[in-house]
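Colleague: If it helps, the file is called run_9.txt and holds compact mmCIF, C-alpha atoms and all ligand atoms:
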# COMPACT_ATOMS: atom_id res chain seq x y z
CA MET A 21 0.00 0.00 0.00
CA HIS A 22 1.35 3.38 -1.04
CA THR A 23 1.55 6.24 1.39
CA LEU A 24 0.49 9.68 0.20
CA SER A 25 4.02 10.96 -0.24
CA THR A 26 5.21 8.11 -2.45
CA GLN A 27 2.27 8.50 -4.81
CA PRO A 28 3.35 10.04 -8.11
CA LEU A 29 2.45 13.64 -8.85
CA ILE A 30 0.43 14.07 -12.01
CA SER A 31 0.00 17.45 -13.68
CA ILE A 32 -3.05 18.12 -15.79
CA VAL A 33 -2.53 20.95 -18.28
CA LEU A 34 -5.58 22.66 -19.76
CA PRO A 35 -5.32 25.44 -22.37
CA VAL A 36 -8.17 27.91 -21.90
CA PHE A 37 -9.39 30.45 -24.40
CA ASN A 38 -12.73 32.12 -23.69
CA GLU A 39 -14.22 29.09 -21.92
CA ALA A 40 -16.17 31.06 -19.30
CA ALA A 41 -19.40 29.31 -20.26
CA GLY A 42 -18.11 25.90 -19.24
CA ILE A 43 -15.04 26.39 -17.08
CA GLN A 44 -16.95 25.90 -13.80
CA THR A 45 -18.16 22.49 -14.95
CA THR A 46 -14.64 21.56 -16.02
CA ILE A 47 -13.13 22.62 -12.69
CA ALA A 48 -15.81 20.85 -10.66
CA THR A 49 -15.56 17.67 -12.74
CA LEU A 50 -11.77 17.58 -12.46
CA GLU A 51 -11.73 18.40 -8.74
CA HIS A 52 -14.13 15.56 -8.11
CA PHE A 53 -12.14 13.23 -10.35
CA VAL A 54 -8.88 14.08 -8.62
CA SER A 55 -10.38 13.61 -5.16
CA VAL A 56 -11.26 9.97 -5.82
CA GLN A 57 -7.90 9.05 -7.39
CA PRO A 58 -5.00 7.65 -5.34
CA GLU A 59 -2.36 9.79 -7.12
CA ARG A 60 -1.54 13.40 -6.26
CA PHE A 61 -2.55 15.97 -8.87
CA GLU A 62 -1.90 19.57 -9.79
CA LEU A 63 -4.25 21.30 -12.23
CA ILE A 64 -2.57 23.86 -14.49
CA PHE A 65 -4.87 26.13 -16.44
CA VAL A 66 -3.16 28.22 -19.11
CA ASP A 67 -5.30 31.23 -19.88
CA ASP A 68 -4.47 31.97 -23.49
CA GLY A 69 -5.49 35.63 -23.44
CA SER A 70 -9.20 35.07 -22.80
CA THR A 71 -11.33 38.17 -23.23
CA ASP A 72 -14.24 36.81 -21.17
CA ASP A 73 -14.08 36.15 -17.42
CA SER A 74 -12.41 32.71 -17.67
CA LEU A 75 -9.43 34.02 -15.68
CA ALA A 76 -11.60 35.53 -12.94
CA GLN A 77 -13.43 32.23 -12.56
CA LEU A 78 -10.16 30.33 -12.36
CA GLN A 79 -8.84 32.72 -9.75
CA ALA A 80 -12.04 32.31 -7.75
CA ALA A 81 -11.57 28.53 -7.87
CA ARG A 82 -8.02 28.93 -6.57
CA GLN A 83 -9.42 30.33 -3.34
CA HIS A 84 -10.53 26.87 -2.25
CA ASN A 85 -7.99 24.79 -4.18
CA PRO A 86 -4.29 25.64 -3.89
CA ASN A 87 -3.41 22.80 -6.26
CA LEU A 88 -5.15 24.70 -9.02
CA LYS A 89 -2.53 26.78 -10.79
CA ILE A 90 -2.90 29.43 -13.44
CA VAL A 91 -0.58 30.69 -16.14
CA GLN A 92 -1.86 33.86 -17.73
CA PHE A 93 -0.66 34.74 -21.21
CA ALA A 94 -0.29 38.40 -22.08
CA ARG A 95 -2.47 37.84 -25.15
CA ASN A 96 -3.82 35.01 -27.27
CA PHE A 97 -0.80 33.00 -28.44
CA GLY A 98 -2.74 29.94 -29.58
CA HIS A 99 -3.56 26.46 -28.36
CA GLN A 100 -0.16 24.87 -29.11
CA LEU A 101 1.85 27.52 -27.27
CA ALA A 102 -0.58 27.38 -24.34
CA ILE A 103 0.16 23.65 -24.10
CA SER A 104 3.92 24.34 -24.33
CA ALA A 105 3.71 26.85 -21.49
CA GLY A 106 1.75 24.40 -19.33
CA LEU A 107 4.35 21.67 -19.92
CA ARG A 108 7.08 24.09 -18.96
CA GLU A 109 5.44 25.00 -15.64
CA ALA A 110 4.35 21.46 -14.69
CA HIS A 111 6.06 19.62 -11.82
CA GLY A 112 4.46 16.21 -12.35
CA ASP A 113 6.15 12.85 -12.79
CA ALA A 114 3.68 12.63 -15.64
CA VAL A 115 1.80 15.40 -17.42
CA ILE A 116 -1.62 15.06 -19.01
CA VAL A 117 -2.81 17.56 -21.61
CA MET A 118 -6.53 17.92 -22.16
CA ASP A 119 -9.06 20.41 -23.56
CA ALA A 120 -10.80 22.70 -21.09
CA ASP A 121 -14.20 21.93 -22.64
CA LEU A 122 -14.41 18.31 -21.37
CA GLN A 123 -14.35 16.93 -24.91
CA ASP A 124 -11.59 14.73 -23.56
CA PRO A 125 -13.29 12.84 -20.70
CA PRO A 126 -11.37 12.51 -17.39
CA SER A 127 -12.71 8.95 -17.13
CA VAL A 128 -10.00 7.95 -19.64
CA ILE A 129 -7.22 9.18 -17.32
CA PRO A 130 -7.03 6.10 -15.03
CA SER A 131 -6.29 3.84 -17.98
CA MET A 132 -3.65 6.30 -19.19
CA ILE A 133 -2.03 6.24 -15.75
CA ALA A 134 -2.19 2.45 -15.64
CA LYS A 135 -0.37 2.18 -18.98
CA TRP A 136 2.18 4.75 -17.83
CA GLN A 137 2.82 2.80 -14.64
CA ALA A 138 3.23 -0.30 -16.76
CA GLY A 139 6.10 1.46 -18.53
CA ALA A 140 4.72 3.57 -21.37
CA ALA A 141 6.29 7.02 -21.74
CA VAL A 142 3.43 8.43 -23.80
CA VAL A 143 -0.19 7.35 -23.71
CA TYR A 144 -2.21 9.24 -26.28
CA GLY A 145 -5.96 9.27 -26.50
CA GLN A 146 -7.05 7.91 -29.85
CA ARG A 147 -10.54 8.89 -30.95
CA ARG A 148 -12.86 6.05 -31.69
CA HIS A 149 -15.81 8.28 -32.23
CA ARG A 150 -16.31 12.05 -32.40
CA SER A 151 -19.69 13.34 -31.44
CA GLY A 152 -20.97 16.85 -31.97
CA GLU A 153 -18.53 17.72 -34.72
CA THR A 154 -19.44 18.55 -38.29
CA TRP A 155 -18.87 15.96 -41.01
CA PHE A 156 -16.52 18.47 -42.60
CA LYS A 157 -14.32 18.65 -39.51
CA LYS A 158 -14.25 14.87 -39.15
CA ALA A 159 -13.52 14.28 -42.84
CA SER A 160 -10.85 16.98 -43.09
CA ALA A 161 -9.18 15.77 -39.88
CA ALA A 162 -9.19 12.16 -41.07
CA ALA A 163 -7.74 13.14 -44.46
CA PHE A 164 -5.11 15.39 -42.93
CA TYR A 165 -3.80 12.86 -40.40
CA ARG A 166 -3.42 10.27 -43.15
CA LEU A 167 -1.71 12.70 -45.52
CA LEU A 168 0.70 13.75 -42.79
CA LYS A 169 1.45 10.13 -41.95
CA ALA A 170 2.21 9.39 -45.59
CA MET A 171 4.49 12.40 -45.91
CA THR A 172 6.72 12.14 -42.86
CA ASN A 173 9.24 9.80 -41.32
CA THR A 174 8.00 10.65 -37.84
CA ASP A 175 5.29 8.18 -36.93
CA ILE A 176 2.57 10.60 -35.89
CA PRO A 177 -0.43 8.47 -34.86
CA VAL A 178 -3.68 9.06 -36.74
CA ASP A 179 -6.90 10.30 -35.10
CA THR A 180 -5.20 11.75 -32.05
CA GLY A 181 -5.36 15.30 -30.78
CA ASP A 182 -3.37 16.68 -27.89
CA PHE A 183 -5.16 14.61 -25.22
CA ARG A 184 -2.33 12.47 -23.86
CA LEU A 185 -0.21 11.53 -20.88
CA MET A 186 3.53 12.13 -21.06
CA ASP A 187 6.25 10.91 -18.76
CA ARG A 188 8.63 13.46 -17.20
CA ARG A 189 11.43 12.34 -19.54
CA VAL A 190 9.33 13.22 -22.59
CA VAL A 191 8.28 16.54 -21.09
CA ASN A 192 11.92 17.43 -20.44
CA VAL A 193 12.81 16.75 -24.07
CA LEU A 194 9.86 18.82 -25.27
CA LYS A 195 10.99 21.67 -23.02
CA SER A 196 14.44 21.54 -24.60
CA MET A 197 13.00 21.70 -28.14
CA ASN A 198 11.73 25.23 -27.61
CA GLU A 199 10.12 25.64 -31.05
CA SER A 200 8.54 28.98 -31.75
CA ASP A 201 5.67 27.52 -33.76
CA PRO A 202 5.27 24.09 -32.19
CA TYR A 203 3.19 21.22 -33.49
CA VAL A 204 3.05 19.46 -30.14
CA ARG A 205 1.61 16.13 -31.22
CA GLY A 206 4.28 15.81 -33.90
CA MET A 207 7.04 16.75 -31.46
CA VAL A 208 5.82 14.14 -28.97
CA ALA A 209 5.89 11.46 -31.65
CA TRP A 210 9.36 12.64 -32.69
CA VAL A 211 10.72 12.24 -29.13
CA GLY A 212 10.17 8.49 -29.15
CA PHE A 213 10.30 6.16 -26.09
CA ASP A 214 7.42 3.71 -25.61
CA GLN A 215 4.30 5.29 -27.00
CA THR A 216 0.91 3.66 -26.80
CA SER A 217 -2.74 4.61 -27.00
CA VAL A 218 -6.07 4.26 -25.29
CA LEU A 219 -9.23 4.42 -27.37
CA TYR A 220 -11.92 6.85 -26.30
CA ASP A 221 -15.07 8.51 -27.56
CA ARG A 222 -14.66 12.22 -28.05
CA GLN A 223 -17.52 14.03 -26.36
CA ASP A 224 -19.57 17.09 -27.24
CA ARG A 225 -18.34 20.37 -25.85
CA THR A 226 -20.00 21.00 -22.47
CA ALA A 227 -20.47 24.68 -23.32
CA GLY A 228 -19.35 27.39 -25.70
CA GLU A 229 -18.16 26.78 -29.22
CA SER A 230 -15.02 25.63 -30.96
CA LYS A 231 -12.15 28.12 -30.90
CA TYR A 232 -10.69 26.45 -33.96
CA PRO A 233 -12.10 28.10 -37.05
CA LEU A 234 -11.15 26.68 -40.45
CA ARG A 235 -8.38 29.25 -40.80
CA GLN A 236 -6.73 28.03 -37.59
CA MET A 237 -7.16 24.39 -38.59
CA ILE A 238 -5.42 25.01 -41.90
CA ARG A 239 -2.63 26.85 -40.11
CA LEU A 240 -2.14 23.98 -37.68
CA ALA A 241 -2.13 21.49 -40.56
CA MET A 242 0.41 23.53 -42.53
CA ASN A 243 2.61 23.80 -39.43
CA GLY A 244 2.44 20.06 -39.02
CA LEU A 245 3.42 19.50 -42.63
CA THR A 246 6.23 22.02 -42.88
CA SER A 247 7.78 21.17 -39.53
CA PHE A 248 7.70 17.40 -39.98
CA SER A 249 7.96 16.72 -43.67
CA THR A 250 10.31 17.65 -46.45
CA VAL A 251 8.22 15.74 -49.00
CA PRO A 252 6.78 18.98 -50.44
CA LEU A 253 10.34 20.03 -51.28
CA ALA A 254 10.96 16.74 -53.05
CA LEU A 255 7.64 17.20 -54.81
CA ALA A 256 8.99 20.42 -56.31
CA ASN A 257 11.95 18.48 -57.68
CA TRP A 258 9.63 15.93 -59.27
CA LEU A 259 7.60 18.76 -60.77
CA ALA A 260 10.69 20.40 -62.16
CA GLY A 261 11.84 17.07 -63.61
CA SER A 262 8.55 16.37 -65.31
CA PHE A 263 8.41 19.90 -66.74
CA GLY A 264 11.88 19.38 -68.22
CA LEU A 265 10.79 16.04 -69.67
CA THR A 266 7.64 17.62 -71.12
CA ALA A 267 9.69 20.32 -72.78
CA ALA A 268 12.04 17.73 -74.24
CA LEU A 269 9.14 15.63 -75.55
CA ILE A 270 7.53 18.67 -77.18
CA LEU A 271 10.77 19.54 -78.89
CA LEU A 272 11.19 15.95 -80.05
CA GLY A 273 7.56 15.69 -81.25
CA ASN A 274 7.81 18.96 -83.13
CA GLY A 275 11.08 17.93 -84.71
CA LEU A 276 9.73 14.59 -85.91
CA ALA A 277 6.38 15.85 -87.25
CA GLY A 278 7.58 19.22 -88.35
CA THR A 279 4.01 20.43 -88.92
CA VAL A 280 2.61 21.46 -85.53
CA THR A 281 2.46 25.24 -85.06
CA THR A 282 5.44 26.19 -83.00
CA LEU A 283 3.78 29.21 -81.53
CA THR A 284 1.03 27.13 -79.83
CA TRP A 285 3.54 24.78 -78.30
CA LEU A 286 5.75 27.59 -77.23
CA LEU A 287 2.91 29.29 -75.44
CA VAL A 288 1.75 26.08 -73.77
CA SER A 289 5.23 25.18 -72.58
CA LEU A 290 5.83 28.70 -71.34
CA PHE A 291 2.72 28.45 -69.19
CA ILE A 292 3.65 25.01 -67.90
CA ILE A 293 7.17 26.06 -66.98
CA GLY A 294 5.89 29.27 -65.44
CA ALA A 295 3.53 27.30 -63.22
CA GLY A 296 6.33 24.95 -62.26
CA ILE A 297 8.62 27.76 -61.23
CA THR A 298 5.88 29.42 -59.23
CA ALA A 299 5.00 26.20 -57.40
CA THR A 300 8.64 25.53 -56.58
CA ILE A 301 9.24 29.02 -55.34
CA GLY A 302 6.05 28.82 -53.27
CA ILE A 303 7.11 25.65 -51.51
CA MET A 304 10.64 26.93 -50.92
CA GLY A 305 9.09 30.09 -49.59
CA SER A 306 7.11 28.29 -46.93
CA TYR A 307 10.26 26.61 -45.63
CA LEU A 308 12.20 29.82 -45.85
CA GLY A 309 9.42 31.39 -43.82
CA ARG A 310 10.04 28.90 -41.03
CA VAL A 311 13.78 29.59 -41.09
CA PHE A 312 13.01 33.27 -40.96
CA THR A 313 10.68 32.86 -37.98
CA ALA A 314 13.22 30.77 -36.10
CA SER A 315 16.12 33.08 -36.92
CA ARG A 316 14.37 36.03 -35.31
CA ARG A 317 14.85 34.25 -31.97
CA ARG A 318 11.89 35.95 -30.39
CA PRO A 319 10.54 34.33 -27.28
CA ALA A 320 7.71 32.11 -28.45
CA TYR A 321 5.30 33.52 -25.88
CA VAL A 322 5.16 36.08 -23.11
CA ILE A 323 3.71 35.14 -19.73
CA GLN A 324 2.06 37.99 -17.93
CA ALA A 325 1.76 36.26 -14.56
CA THR A 326 1.76 32.87 -12.86
CA TYR A 327 -0.24 31.96 -9.78
CA GLY A 328 0.40 29.19 -7.33
CA PHE A 329 3.95 28.07 -8.12
CA GLU A 330 5.42 29.16 -4.77
CA HIS A 331 5.26 25.58 -3.53
CA PRO A 332 5.61 22.58 -5.87
CA VAL A 333 2.60 20.95 -4.19
CA ALA A 334 0.49 22.98 -1.83
CA ARG A 335 -1.46 21.00 0.73
CA PRO A 336 -5.20 21.38 0.84
CA ALA A 337 -6.40 23.44 3.81
CA THR A 338 -8.21 20.48 5.43
CA ARG A 339 -5.04 18.40 5.63
CA GLN A 340 -3.10 21.18 7.34
CA MET A 341 -5.91 21.47 9.89
CA MET A 342 -5.77 17.75 10.59
CA GLN A 343 -2.05 17.90 11.17
CA GLY A 344 -2.12 21.09 13.23
N1 LIG A 401 -7.64 27.08 -27.07
C1 LIG A 401 -6.59 27.91 -26.68
N2 LIG A 401 -6.19 28.92 -27.50
C2 LIG A 401 -6.77 29.14 -28.73
C3 LIG A 401 -7.82 28.26 -29.14
C4 LIG A 401 -8.22 27.24 -28.28
O1 LIG A 401 -6.04 27.76 -25.58
O2 LIG A 401 -6.37 30.07 -29.41
C5 LIG A 401 -8.07 26.01 -26.15
C6 LIG A 401 -9.57 25.89 -25.94
O3 LIG A 401 -9.99 26.70 -24.87
C7 LIG A 401 -9.73 24.41 -25.65
C8 LIG A 401 -8.63 23.78 -26.48
O4 LIG A 401 -7.68 24.80 -26.75
O5 LIG A 401 -9.49 24.10 -24.29
C9 LIG A 401 -9.13 23.19 -27.79
O6 LIG A 401 -9.86 24.17 -28.49
P1 LIG A 401 -11.30 23.88 -29.07
O7 LIG A 401 -12.08 23.06 -28.10
O8 LIG A 401 -11.92 25.16 -29.47
O9 LIG A 401 -10.94 23.03 -30.36
P2 LIG A 401 -11.74 21.76 -30.93
O10 LIG A 401 -11.95 20.81 -29.78
O11 LIG A 401 -13.03 22.31 -31.45
O12 LIG A 401 -10.84 21.22 -31.98
MG MG A 402 -12.71 21.23 -27.95
So, in terms of C-alpha cells, how does the structure I just supplied come out?

Modeller:
Amino acid sequence: MHTLSTQPLISIVLPVFNEAAGIQTTIATLEHFVSVQPERFELIFVDDGSTDDSLAQLQAARQHNPNLKIVQFARNFGHQLAISAGLREAHGDAVIVMDADLQDPPSVIPSMIAKWQAGAAVVYGQRRHRSGETWFKKASAAAFYRLLKAMTNTDIPVDTGDFRLMDRRVVNVLKSMNESDPYVRGMVAWVGFDQTSVLYDRQDRTAGESKYPLRQMIRLAMNGLTSFSTVPLALANWLAGSFGLTAALILLGNGLAGTVTTLTWLLVSLFIIGAGITATIGIMGSYLGRVFTASRRRPAYVIQATYGFEHPVARPATRQMMQG
C-alpha cells in the first residue's frame, strides 16, 4: 500500500481560451475526479489571453484549491503555445494535456495512468468516435492525419489530438525543443520512447463553441506538414523534372512531325514552366518562412503572470488542519 508521499504527482494541463461558459463544470468535474484518485494531482490552467471572465473564474476557484494553478498569457498566443507553457510549468512525474471543454473525458485518465505505470512514456488518447462535430471537420481531420502520416518519417499516430499523458522524460525533451511555432503532437511522436494509445469517444463540448475556425485548422495542418515533412520540397523536384521532360518531348515531337504550329507549343510550354517555377518558389518560400521565424529568436510567448507556483505541491487546507 502506497503512502500519500510516495504517490506520483500528475500534472493536468488545460489550455483555456474564452471558456467562461463551461469552465466551472470543467473545474468541478476535475476536482471531483482528482479527489477519488490515489495519485496526487496539480491542475494547471493556461489562460491563453481570454477576453471573457475565464481568468476571474479560475482565480475564484483557486481560493478553495491551492493545487489549481494558473498561467496567464499576455495575449492570445494559440492552443499549441498554451500547451507548451503548461508543460514548462508542470512539476508532475507525468503530465496530461486535455481540452478545457471536457471533450476529452477525465474517465480515460485512469487507464492512461495504468499504462504509464506499466512502462509507457506516452499514452495518447485515440478517438474512436467524435460526437458533436461537423462531417466536414471529421472528414478533413481524417484526411489530414493520413496525408501527414504518408508524408513524414515521424510516426505521428492518426486520429489523435493533444489529449495524452507524457512521462517526465518526454516533457523534459519537449521543453528543450523550444520551437517557436510548435506542433506538439508531432514533437511528442518525434521524441520516441514507448508510445501507446487508449481508445476513447470524443464528447460534445460541455459549453461554448469551438475556438478552432477553419483558418486556424489550416494553419495547424500547414505547421504540421512544414515542420515534420520535407516531402513537399521533393515534390517540387519531381515537378521540375517532369516539366523538363515535357519540354524535351515537345521539342522531339515537333522535330519529328515538323508540322505542328510552333507558336502554340511555345505558349503552352511557357505556361507550364511558369507554373512549375511558381509552385517551386512557393514551396521553398514556406520553408524559408520557417527559417526566418526561427532566426528572429523571439521568445515564443510572453507570460504575464503565474499563480500558485510558490510551492511545488500545496497541501489542501483540510489536511493542514488535521495535522495542526
Ligand atoms: N484554445 C486555446 N487557444 C486558442 C484556441 C483554443 O487555448 O487560441 C483552447 C480551448 O480553450 C480548448 C482547447 O484549446 O481548451 C481546444 O480548443 P477547441 O475546443 O476550441 O478546439 P476543438 O476541440 O473544437 O478542436
Ligand atoms: Mg474542444

Colleague: When the cut-off is 10 Å and you count all atoms listed in the file, which residues lie near ligand LIG 401 (chain A), shown as an MDAnalysis selection string?

Modeller: chainID A and resid 33:40 42:43 65:70 74 93 95:103 117:124 152:153 157 161 181:183 222:233 236:237

Colleague: Using all atoms listed in the file, which residue out of A:Ala334, A:Pro125, A:Arg108, A:Lys195 lies closest to ligand MG 402 (chain A)?

Modeller: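 Comparing A:Ala334, A:Pro125, A:Arg108, A:Lys195 against ligand MG 402 (chain A), the winner is A:Pro125.
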
Colleague: From the list A:Leu167, A:Val333, A:Ala76, A:Ala94, which residue is nearest Ser249 (chain A) when using only C-alpha atoms?

Modeller: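 With only C-alpha atoms as the atom set, the closest residue is A:Leu167.
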
Colleague: Rounded to one decimal place, report the CA of Ser200 (chain A)-CA of Leu240 (chain A) distance in Å.

Modeller: 13.2 Å

Colleague: As an exercise, work out the distance from CA of Tyr327 (chain A) to CA of Ser104 (chain A) in Å and give it to one decimal place.

Modeller: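 These atoms are spaced 16.9 Å apart.
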
Colleague: For the point (1.5, 13.0, -19.6) in file coordinates, what residues are within 10 Å, counting all atoms listed in the file? Give the answer as a PDB file with C-alpha atoms, in the coordinates of the input?

Modeller:
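Dumped everything to point_1.pdb:
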ATOM      1  CA  ILE A  30       0.430  14.070 -12.010  1.00  0.00           C
ATOM      2  CA  SER A  31       0.000  17.450 -13.680  1.00  0.00           C
ATOM      3  CA  ILE A  32      -3.050  18.120 -15.790  1.00  0.00           C
ATOM      4  CA  VAL A  33      -2.530  20.950 -18.280  1.00  0.00           C
ATOM      5  CA  LEU A 107       4.350  21.670 -19.920  1.00  0.00           C
ATOM      6  CA  GLY A 112       4.460  16.210 -12.350  1.00  0.00           C
ATOM      7  CA  ASP A 113       6.150  12.850 -12.790  1.00  0.00           C
ATOM      8  CA  ALA A 114       3.680  12.630 -15.640  1.00  0.00           C
ATOM      9  CA  VAL A 115       1.800  15.400 -17.420  1.00  0.00           C
ATOM     10  CA  ILE A 116      -1.620  15.060 -19.010  1.00  0.00           C
ATOM     11  CA  VAL A 117      -2.810  17.560 -21.610  1.00  0.00           C
ATOM     12  CA  MET A 118      -6.530  17.920 -22.160  1.00  0.00           C
ATOM     13  CA  ILE A 129      -7.220   9.180 -17.320  1.00  0.00           C
ATOM     14  CA  MET A 132      -3.650   6.300 -19.190  1.00  0.00           C
ATOM     15  CA  ILE A 133      -2.030   6.240 -15.750  1.00  0.00           C
ATOM     16  CA  TRP A 136       2.180   4.750 -17.830  1.00  0.00           C
ATOM     17  CA  ALA A 141       6.290   7.020 -21.740  1.00  0.00           C
ATOM     18  CA  VAL A 142       3.430   8.430 -23.800  1.00  0.00           C
ATOM     19  CA  VAL A 143      -0.190   7.350 -23.710  1.00  0.00           C
ATOM     20  CA  TYR A 144      -2.210   9.240 -26.280  1.00  0.00           C
ATOM     21  CA  PHE A 183      -5.160  14.610 -25.220  1.00  0.00           C
ATOM     22  CA  ARG A 184      -2.330  12.470 -23.860  1.00  0.00           C
ATOM     23  CA  LEU A 185      -0.210  11.530 -20.880  1.00  0.00           C
ATOM     24  CA  MET A 186       3.530  12.130 -21.060  1.00  0.00           C
ATOM     25  CA  ASP A 187       6.250  10.910 -18.760  1.00  0.00           C
ATOM     26  CA  ARG A 188       8.630  13.460 -17.200  1.00  0.00           C
ATOM     27  CA  ARG A 189      11.430  12.340 -19.540  1.00  0.00           C
ATOM     28  CA  VAL A 190       9.330  13.220 -22.590  1.00  0.00           C
ATOM     29  CA  VAL A 191       8.280  16.540 -21.090  1.00  0.00           C
TER      30      VAL A 191
END

Colleague: Can you measure CA of Pro202 (chain A) to CA of Glu330 (chain A) for me? One decimal in Å is fine.

Modeller: 27.9 Å
